[in-house]
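**Student:** After the structure tokens below, expect a handful of questions from me.
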Amino acid sequence: TQLLEQSPQFLSIQEGENLTVYCNSSSVFSSLQWYRQEPGEGPVLLVTVVTGGEVKKLKRLTFQFGDARKDSSLHITAAQPGDTGLYLCAGAKNYGGSQGNLIFGKGTKLSVKP
Amino acid sequence: NAGVTQTPKFRVLKTGQSMTLLCAQDMNHEYMYWYRQDPGMGLRLIHYSVGEGTTAKGEVPDGYNVSRLKKQNFLLGLESAAPSQTSVYFCASSYGTITDTQYFGPGTRLTVL
């Protein structure tokens, strides 16, 4: 069974603090996606990283894909209450053509208090 | 564009009852998916479809059936609901492959008593 382990499972911080969440696996992925899910809604894609070592920035969010394409991290600078939500990573494995598999981690639940 | 819509938003069933969840997308996507989300378990794929008239099993297909008679619609059926099927169900769609960006609906919260 392919697993994506996310840590920490829960994180509660004050507004203005920095944080990093991790997504780790023993499997190699062709790409990795990060989603954010707010209460009562479906997940929404934040970013896709494809190349080993790739770093992408989305305002205060920085995403990194490990060199070996087995892990990823999400760093948030100066967190705001609007960042509160469940952060999900999803690893993609392509088998050729249109076949593939997308494995979701269990998520990191972030709460940012004013 | 409405994106991905799901009906109903909430439903309470008694054990043994049946129901159908409807998912519709207006993005002309080929791929559609049904997931369930349970506390501590993350998103788990139930069934998916790679095009009109096709369906395939995901990670947890037992107790569910699906149909994709029209490209824009994907139906999830529970023939005889069980308390273990209490969950939040999400439908998603993607353009070209399973590993493309998936666009999710708002979810259906189902409780089976």
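In the structure tokens, each chain is lettered A, B, ... as it comes, each chain's residues begin at 1, and ligands are numbered from 1 in order of appearance.
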If we count only C-alpha atoms, what is near Leu13 of chain B at a cut-off of 8 Å, once residues fewer than 5 positions away on the same chain are taken out, given as an mmCIF file with N, CA, C and O atoms, in the first residue's frame?

**Tutor:**
data_model
loop_
_atom_site.group_PDB
_atom_site.id
_atom_site.type_symbol
_atom_site.label_atom_id
_atom_site.label_comp_id
_atom_site.auth_asym_id
_atom_site.auth_seq_id
_atom_site.Cartn_x
_atom_site.Cartn_y
_atom_site.Cartn_z
ATOM 1 N N SER B 18 -31.911 2.684 0.645
ATOM 2 C CA SER B 18 -31.060 2.975 -0.505
ATOM 3 C C SER B 18 -31.157 4.446 -0.863
ATOM 4 O O SER B 18 -32.124 5.116 -0.498
ATOM 5 N N ALA B 81 -27.892 0.754 2.767
ATOM 6 C CA ALA B 81 -26.977 1.554 3.581
ATOM 7 C C ALA B 81 -26.658 0.895 4.921
ATOM 8 O O ALA B 81 -27.529 0.258 5.543
ATOM 9 N N LEU B 110 -23.606 12.360 4.825
ATOM 10 C CA LEU B 110 -24.563 11.256 4.945
ATOM 11 C C LEU B 110 -24.426 10.597 6.310
ATOM 12 O O LEU B 110 -23.319 10.256 6.730
ATOM 13 N N THR B 111 -25.553 10.450 6.974
ATOM 14 C CA THR B 111 -25.599 9.734 8.256
ATOM 15 C C THR B 111 -26.515 8.534 8.098
ATOM 16 O O THR B 111 -27.639 8.670 7.624
ATOM 17 N N VAL B 112 -26.009 7.376 8.471
ATOM 18 C CA VAL B 112 -26.819 6.149 8.420
ATOM 19 C C VAL B 112 -27.040 5.681 9.853
ATOM 20 O O VAL B 112 -26.090 5.371 10.580
ATOM 21 N N LEU B 113 -28.310 5.643 10.246
ATOM 22 C CA LEU B 113 -28.649 5.274 11.629
ATOM 23 C C LEU B 113 -28.908 3.783 11.763
ATOM 24 O O LEU B 113 -29.308 3.123 10.799
#

**Student:** Pull out every residue of chain B that has at least one atom within 7 Å of chain A, counting only C-alpha atoms, and report them as a list in words.

**Tutor:** Gly40, Met41, Gly42, Leu43, Phe90, Thr97, Ile98, Thr99, Thr101, Tyr103, Phe104, Gly105, Pro106 and Gly107 of chain B

**Student:** Pick the closest to Ser80 of chain B from B:Gly3, B:Pro8, B:Gly63, B:Gly53: which is it, counting only C-alpha atoms?

**Tutor:**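 Counting only C-alpha atoms, the residue closest to Ser80 of chain B is B:Gly63.
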
**Student:** Which distance in Å separates atom CA of Tyr87 of chain A and atom CA of Phe10 of chain A, to one decimal?

**Tutor:** 10.2 Å

**Student:** As a PyMOL selection string, please: every residue in segment 16-95 of chain B that a backbone DSSP assignment puts in strand (DSSP E).

**Tutor:** chain B and resi 19-25+31-38+42-49+56-57+65-67+73-78+87-94

**Student:** Could you check the closest approach to Phe10 of chain B for each of B:Lys57, B:Arg36, B:Arg109, B:His29 and tell me which residue wins, using only C-alpha atoms?

**Tutor:**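 The shortest atom-to-atom distance to Phe10 of chain B comes from B:Arg109.
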
**Student:** For Gly51 of chain B, which of B:Ala24, B:Met32, B:Val4, B:Ala82 is the closest residue, counting only C-alpha atoms?

**Tutor:**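 The closest residue to Gly51 of chain B is B:Met32.
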
**Student:** Between atom CA of Lys56 of chain A and atom CA of Asp100 of chain B, what is the distance, to one decimal in Å?

**Tutor:** 17.7 Å

**Student:** Could you check the closest approach to Asn65 of chain B for each of B:Gln37, B:Ile46, B:Glu52, B:Ala2 and tell me which residue wins, using only C-alpha atoms?

**Tutor:**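 Answer, going by the shortest atom-to-atom distance: B:Ile46.
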
**Student:** Tell me which of B:Tyr35, B:Leu22, B:Gly16, B:Leu75 sits closest to Ser87 of chain B, counting only C-alpha atoms.

**Tutor:**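 When distances to Ser87 of chain B are compared using only C-alpha atoms, the smallest one comes from B:Tyr35.
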
**Student:** Which neighbours of Thr55 of chain B fall inside 8 Å, counting only C-alpha atoms, when residues of the same chain fewer than 4 positions from it are skipped, and could you give them as a list in words?

**Tutor:**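 Listing them by chain and then by number gives His47, Tyr48, Ser49, Val50, Gly51, Val66, Ser67 and Arg68 of chain B.
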